[in-house]
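Working notes for the structure below.
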Amino acid sequence: MDFPKVSVIIPIYNSGNYLIECLDSVINQTLSEIEVICIDDGSTDSSFDILKDYANNDSRFKIFHQENLGAGTTRNNAIEKVSGEFIIFLDSDDWIEEDMCEKLYNHAKKLDVDLVVFDAIWHHKDYDEVLCYFKETEFNQDYESFIFDKFQIKEKIMEPSLGVIWSKFYKTSLIKDNDIKFSSYKIYNDVGFHFKSILSADKIAVLPEVFYHYVNVGQQSLQSSFRWGEYEPIWYDVMMDLREFLTFNNLMDDFRKEFINYSFLSFINKFNGIHEDYKEIFYTKIKYFYESLKLTSDELKKLQFNYMVFYIHIINSNSYFEFKLMHDLFNGENIY
């Protein structure tokens, strides 16, 4: 095989028994012209031994080992090694349908697009949740031939539940020609990649079938263990990166409304969830974010009520203590 049609990128860190189901779902793909780039990110369990077994039996597996650098840097290193025409990202504790690569490749080639979005299932402990980009009749189009761009899905681009990298089939040239990379943040290192890739794509298609199985049962990722503590204020850096990208690429005017709403939705959610020990530093970052964003009076009038309240309290307080006092009084909470 000279040039694989699809490169499957799998970063691995202490994946244990989940890794076997993941790799089996790749090795059994109905499309044989694939390469599987596996980078072990300093695992201390048997993960790398498992990778070696697969590589010994299938030449399509390319395995690498590195000291622990984090998921973002690991995926960047994998992209540099890609030779396939398209890329999918697969977490080592998840798995994919056996016809995923074949169907997505054929769909992307037929329509000559930069990106294909598709459906996934999120497996929770007690229930399964289907993540769909579009309802079957949402565009009133035949998805077998329908091509669209970022301006037709403005609100969906900044829909938190859809901002994941594992429900997208990327043309390699889209990523490499635009020099799109993952951040090295401890958490949220894939958020910027999602935004930059979908905002850089000229032609997007959808194949409304479930191909990816995201497993959220019985294990905790290294990134998720960092949530709600000292690393949570990294979200400010993520939002500033997105803001800079939109501005630099002359997209802010087109997406400013969606960006503003997304900022409030995400900041409020994360500020409410963060541990009390880190609220003050997060407050300071959020205050600067909105002071420098300079919302107009018309933009303020269009905000949801809870967003406007949050904004007024942030802008008009001089410290986290003052903000909390305003917020508690407004909500009728006992502040003593």
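Each chain of the structure tokens is named A, B, ... in the order shown, its residues numbered from 1; ligands are numbered from 1 in display order.
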As a PDB file with C-alpha atoms, in the first residue's frame, which residues of range 186-315 of chain A does DSSP assign to strand (DSSP E)?
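What ended up in selection.pdb:
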ATOM      1  CA  ILE A 204     -18.626  20.539   4.381  1.00  0.00           C
ATOM      2  CA  ALA A 205     -20.894  17.521   4.074  1.00  0.00           C
ATOM      3  CA  VAL A 206     -22.842  15.414   6.521  1.00  0.00           C
ATOM      4  CA  LEU A 207     -23.410  11.678   6.635  1.00  0.00           C
ATOM      5  CA  PRO A 208     -26.148  11.185   9.260  1.00  0.00           C
ATOM      6  CA  GLU A 209     -25.106   7.761  10.501  1.00  0.00           C
ATOM      7  CA  VAL A 210     -23.622   6.694  13.833  1.00  0.00           C
ATOM      8  CA  PHE A 211     -19.994   5.730  13.336  1.00  0.00           C
ATOM      9  CA  TYR A 212     -18.298   6.609  16.622  1.00  0.00           C
ATOM     10  CA  HIS A 213     -18.845   5.231  20.127  1.00  0.00           C
ATOM     11  CA  TYR A 214     -17.648   7.518  22.920  1.00  0.00           C
ATOM     12  CA  VAL A 215     -17.303   5.509  26.116  1.00  0.00           C
TER      13      VAL A 215
END
Any chance you could list, as a PDB file with C-alpha atoms, in the first residue's frame, the residues in range 7-189 of chain A that come up helix (DSSP H, G or I) when DSSP is run on the backbone?
ATOM      1  CA  TYR A  18     -10.344  -0.600  26.639  1.00  0.00           C
ATOM      2  CA  LEU A  19      -7.481  -0.365  24.157  1.00  0.00           C
ATOM      3  CA  ILE A  20      -8.112  -3.852  22.768  1.00  0.00           C
ATOM      4  CA  GLU A  21     -11.722  -3.113  21.776  1.00  0.00           C
ATOM      5  CA  CYS A  22     -10.563   0.166  20.268  1.00  0.00           C
ATOM      6  CA  LEU A  23      -7.823  -1.432  18.141  1.00  0.00           C
ATOM      7  CA  ASP A  24     -10.051  -4.331  17.091  1.00  0.00           C
ATOM      8  CA  SER A  25     -12.610  -1.865  15.737  1.00  0.00           C
ATOM      9  CA  VAL A  26      -9.852  -0.346  13.586  1.00  0.00           C
ATOM     10  CA  ILE A  27      -8.238  -3.558  12.369  1.00  0.00           C
ATOM     11  CA  SER A  47      -0.654  -0.309  26.726  1.00  0.00           C
ATOM     12  CA  PHE A  48       2.579  -0.197  24.727  1.00  0.00           C
ATOM     13  CA  ASP A  49       2.970  -3.998  24.876  1.00  0.00           C
ATOM     14  CA  ILE A  50      -0.548  -4.321  23.469  1.00  0.00           C
ATOM     15  CA  LEU A  51       0.371  -1.916  20.660  1.00  0.00           C
ATOM     16  CA  LYS A  52       3.465  -3.944  19.798  1.00  0.00           C
ATOM     17  CA  ASP A  53       1.388  -7.100  19.482  1.00  0.00           C
ATOM     18  CA  TYR A  54      -0.934  -5.432  16.969  1.00  0.00           C
ATOM     19  CA  ALA A  55       1.950  -3.892  15.009  1.00  0.00           C
ATOM     20  CA  ASN A  56       3.683  -7.289  14.757  1.00  0.00           C
ATOM     21  CA  ASN A  57       0.577  -8.742  13.133  1.00  0.00           C
ATOM     22  CA  ALA A  71      -3.098  14.569  24.380  1.00  0.00           C
ATOM     23  CA  GLY A  72      -2.773  17.793  22.380  1.00  0.00           C
ATOM     24  CA  THR A  73       0.952  17.516  21.717  1.00  0.00           C
ATOM     25  CA  THR A  74       0.590  13.784  21.058  1.00  0.00           C
ATOM     26  CA  ARG A  75      -2.009  14.393  18.340  1.00  0.00           C
ATOM     27  CA  ASN A  76       0.184  17.108  16.792  1.00  0.00           C
ATOM     28  CA  ASN A  77       3.082  14.665  16.659  1.00  0.00           C
ATOM     29  CA  ALA A  78       0.826  12.105  15.004  1.00  0.00           C
ATOM     30  CA  ILE A  79      -0.366  14.568  12.352  1.00  0.00           C
ATOM     31  CA  GLU A  80       3.254  15.088  11.305  1.00  0.00           C
ATOM     32  CA  MET A 100     -16.792   3.979   9.189  1.00  0.00           C
ATOM     33  CA  CYS A 101     -13.687   4.644   7.104  1.00  0.00           C
ATOM     34  CA  GLU A 102     -15.138   3.208   3.914  1.00  0.00           C
ATOM     35  CA  LYS A 103     -18.423   5.104   4.010  1.00  0.00           C
ATOM     36  CA  LEU A 104     -16.927   8.409   5.059  1.00  0.00           C
ATOM     37  CA  TYR A 105     -14.106   8.183   2.525  1.00  0.00           C
ATOM     38  CA  ASN A 106     -16.504   7.421  -0.316  1.00  0.00           C
ATOM     39  CA  HIS A 107     -18.831  10.228   0.746  1.00  0.00           C
ATOM     40  CA  ALA A 108     -16.013  12.781   1.017  1.00  0.00           C
ATOM     41  CA  LYS A 109     -14.534  11.803  -2.344  1.00  0.00           C
ATOM     42  CA  LYS A 110     -17.875  11.794  -4.139  1.00  0.00           C
ATOM     43  CA  LEU A 111     -18.680  15.326  -2.967  1.00  0.00           C
ATOM     44  CA  LYS A 150     -19.595  27.444   7.863  1.00  0.00           C
ATOM     45  CA  PHE A 151     -22.005  30.320   7.299  1.00  0.00           C
ATOM     46  CA  GLN A 152     -24.937  27.917   6.970  1.00  0.00           C
ATOM     47  CA  ILE A 153     -24.258  26.293  10.348  1.00  0.00           C
ATOM     48  CA  LYS A 154     -23.137  29.299  12.405  1.00  0.00           C
ATOM     49  CA  GLU A 155     -24.982  28.338  15.587  1.00  0.00           C
ATOM     50  CA  LYS A 156     -23.978  24.685  15.370  1.00  0.00           C
ATOM     51  CA  ILE A 157     -20.280  25.532  15.156  1.00  0.00           C
ATOM     52  CA  PRO A 160     -20.875  22.830  23.005  1.00  0.00           C
ATOM     53  CA  SER A 161     -22.110  19.241  22.586  1.00  0.00           C
ATOM     54  CA  LEU A 162     -21.046  19.225  18.930  1.00  0.00           C
ATOM     55  CA  THR A 172      -5.519  16.020   5.567  1.00  0.00           C
ATOM     56  CA  SER A 173      -4.757  19.025   3.372  1.00  0.00           C
ATOM     57  CA  LEU A 174      -7.321  21.079   5.331  1.00  0.00           C
ATOM     58  CA  ILE A 175      -5.303  20.502   8.497  1.00  0.00           C
ATOM     59  CA  LYS A 176      -1.820  20.787   7.062  1.00  0.00           C
ATOM     60  CA  ASP A 177      -2.358  23.642   4.609  1.00  0.00           C
TER      61      ASP A 177
END
| So how far away is CA of Glu35 in chain A from CA of Arg60 in chain A, in Å? |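 CA of Glu35 in chain A lies 4.8 Å from CA of Arg60 in chain A.
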| message | Give me the residues near Phe193 in chain A as JSON, numbers by chain, where near means some atom within 7 Å (using only C-alpha atoms) and where sequence neighbours in that chain fewer than 3 positions away do not count. | response | {"A": [180, 181, 182, 190, 196, 197]}
| said: Taking only C-alpha atoms into account, name the residue in A:Tyr278, A:Tyr13, A:Phe323, A:Phe305 that is nearest to Gly70 in chain A. | reply: A:Tyr13
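In terms of minimum interatomic distance to Tyr236 in chain A, A:Phe282 ranks closest within A:Val82, A:Asn261, A:Asn250, A:Phe282, counting only C-alpha atoms.
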| request: Find the residues near Leu69 in chain A: any atom within 9 Å, counting only C-alpha atoms, skip ones fewer than 5 places away on the same chain, and give them as a list in words. | output: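 My list of contacting residues is Asp41, Gly42, Thr74 and Ser184 of chain A.
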Output of the above residues as a tab-separated table (two decimals), in the first residue's frame, restricted to N, CA and C atoms:
chain	number	residue	atom	x	y	z
A	41	ASP	N	1.70	7.80	25.00
A	41	ASP	CA	2.13	9.03	25.66
A	41	ASP	C	2.60	8.75	27.09
A	42	GLY	N	3.63	7.91	27.18
A	42	GLY	CA	4.24	7.63	28.48
A	42	GLY	C	3.41	6.76	29.40
A	74	THR	N	0.53	15.13	21.64
A	74	THR	CA	0.59	13.78	21.06
A	74	THR	C	-0.12	13.75	19.71
A	184	SER	N	-1.45	22.82	23.78
A	184	SER	CA	-0.79	21.96	24.77
A	184	SER	C	-1.39	22.12	26.16
